[in-house]
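Here's the structure, in structure tokens; my notes come after.
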Amino acid sequence: MQNPWWQTGIIYEIYPRSFQDSDGDGVGDLTGIISRLDYLHWLGVDAVWIGPIYPSPMADFGYDVAEYTGVDPLFGTLETFDRLLAEAHARGIRVILDLVPNHTSDRHPWFLQSRRSREDPKRGWYVWRDPAPDGGPPNNWLSSFGGPAWSFDEPTGQYYLHSFLPEQPDLNWRHPEMWPQMERVMRFWLDRGVDGFRVDVVWHLVKDARLRDNPRNPDYRPRRDPPNEALVPAFSADQPEVQEIVARMRRTTDEYPGRVLIGEAYLPFGRLVRYYGVASPGMHLPLNFHLITSPWEAVEVESTVAEYEGTLPPDAWPNWVLGNHDRSRVASRVGAGQARVAAMLLLTLRGTPVLYYGDEIGMPDAEIPPERMRDPRGKRIPGSSRDPARAPMRWDGSPGAGFTTGDPWLPAGGVPAGYSVEAQRDDPGSVLTLYRHLVRLRRAEPALHRGPYTPVPAAGENTLGYVREWQDRRFLVALNFGEGAARFRPERGTVQGRVVLSTRLDREGEAVDGGLELRGDEGVVVLLS
């Protein structure tokens, strides 16, 4: 049987403000993405996931949606989007849109009508409640962006819920009219030809019916953890009823052959895998962020992979994410040398890999001066800015990084020379060349894009090994998580074969007979004999 494309393919996340500006206003746009499709085809990705492009006041840069079935003029028009779809599809690249169903902008017509009066027909589309007896918020819930998750509306004398910014009021998914509205939105884009959705904060959709207080977090570290983590979100997220909403989204998506439903959920594995569906259909791919949050050590990564593989329901397909628009870039988290090892891990594990734009050239977090900070979360919670991971893509070494001819919305500098597509494209030893080789190897070998994963326990040093196989082709992936040289030593047996790829790109064809020496920050793929 042929696997669905979203199982064997590679997904590439584009933060639209930062990928390519076509008109010199300093903000990326759809025409800019179109101009870079040949690069994405050359890189070898199968689909692009594009962040929100809907009309928005941009309080949270598009995640505050003012209209679900349009395109913000900052990015283009619906006609531009149609051209993007056509041009991408012509190159064999699918297009996945961000769907933001948990909240809207406070300027969305639904909310504007909802706050007119307590009797308005759309009042129940959002979560409104009377003040507590002391006049304060209805409960102790906290916003992920700092402070209470409730704002008081003077004219109507009630509080409304916002899990994020006050400008992002939460929709009430317990209201019977909510699903028909969002289904209409999904069908609008599916009919237009999009290849699926990445559903934003899907685990937040349903709240406790009684709005009970969240319990205190006994492990909270005030000086290290974000303020909202002082409470365990037991009643403000991941409620059982969300699974029925996910099932409805999946059934709608499945009416359109070849489409994919991806969900964002920062949850432990035991709870994350429920989003695959149990009694009813779930997400094709609930995003797995554990490589982002786990300590970067061989034993920790090995444990993470083992727990995930052991928790997956039957027939569920895994996925792996190294970076995204909300977290520090992988090169800054693990270092430039280990970023190559991380690339090999991502592209040789069993499951669908999701790449974040710029990681293929090893881009580190950018330096953003305090006066240039744009992220609302960073402005509200010191040290939490997401701007460094959202800086413009570096296409070349010019002042605008090839991203814009104008003043970029975030600084394009502060990244060392050499971190650009232009500098790396023809460099046989570059990170970009490594990604290209990994992508081609993964695409060419069924063992790497559809075969099972078998761990290979190693003795002693900070190394990780596993085998991927399909029919008569068996590959050992051996990774050194340390800066110093290490010998990969399987607890049982020896290694026989030849190296087909190293993160250093200089060992292809090398025979391996018995032992496998790894240099610092090196990973290798060995075709076993």
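Identifiers in the structure tokens: chain A, B, ... in order shown; residue index from 1 per chain; ligand index from 1 in order shown.
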
Q: Using DSSP on the backbone coordinates, identify all residues within region 201-328 of chain A classified as strand (DSSP E); present the result as a PyMOL selection string.
A: chain A and resi 260-263+285-286+319-321

**Q.** Residue neighbourhood Asn228 (chain A), 9 Å, only C-alpha atoms, exclusion window fewer than 3 positions, as a list in words
**A.**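 Those residues are Trp141, Leu142, Ser143, Ser144, Phe145, Gly146, Gly147, Pro148, Asp225, Leu231, Val232 and Pro233 of chain A.
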
Q: Excluding Asn139 (chain A) and residues on its chain fewer than 6 positions from it, collect all residues at most 10 Å away from it, counting only C-alpha atoms, and give them as a PyMOL selection string.
A: chain A and resi 129+131-132+148-150+211-214

Q) Could you pull out the alpha helix (DSSP H) residues of region 20-173 of chain A from DSSP and send them as number ranges by chain? A) A: 30-35, 37-43, 78-90, 109-114

(Q) Nearest residue to Thr503 (chain A) out of A:Glu522, A:Glu491, A:Asp38, A:Asp326, using only C-alpha atoms? (A) A:Glu522

(Q) Give me the residues near Tyr160 (chain A) as a list in words, where near means some atom within 6 Å (using only C-alpha atoms) and where sequence neighbours in that chain fewer than 3 positions away do not count. (A)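 My reading of the contact set: Val127, Trp128, Trp150 and Ser151 of chain A.
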
Q | Nearest candidate to Ala459 (chain A) (options A:Val260, A:Ala444, A:Ala298, A:Leu476; using only C-alpha atoms) | A | A:Ala298

Q) Between A:Ala342, A:Met58, A:Leu205, A:Ala389, which has the minimum distance to Ile14 (chain A) (counting only C-alpha atoms)? A)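 Selected residue with least distance to Ile14 (chain A): A:Ala389.
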
Q.
Given only C-alpha atoms as the basis, pick out the residue of A:Pro286, A:Gly44, A:Pro109, A:Gly76 nearest to Glu360 (chain A).
A. A:Gly44

Q.
Taking only C-alpha atoms into account, name the residue in A:Leu78, A:Leu97, A:Ala401, A:Val45 that is nearest to Arg442 (chain A).
A.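 Looking at the shortest contact to Arg442 (chain A), the residue is A:Val45.
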
Q.
I'd like the interatomic distance between CA of Leu434 (chain A) and CA of Leu479 (chain A), to a tenth of an Å.
A.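 According to the coordinates, CA of Leu434 (chain A) and CA of Leu479 (chain A) are separated by 14.7 Å.
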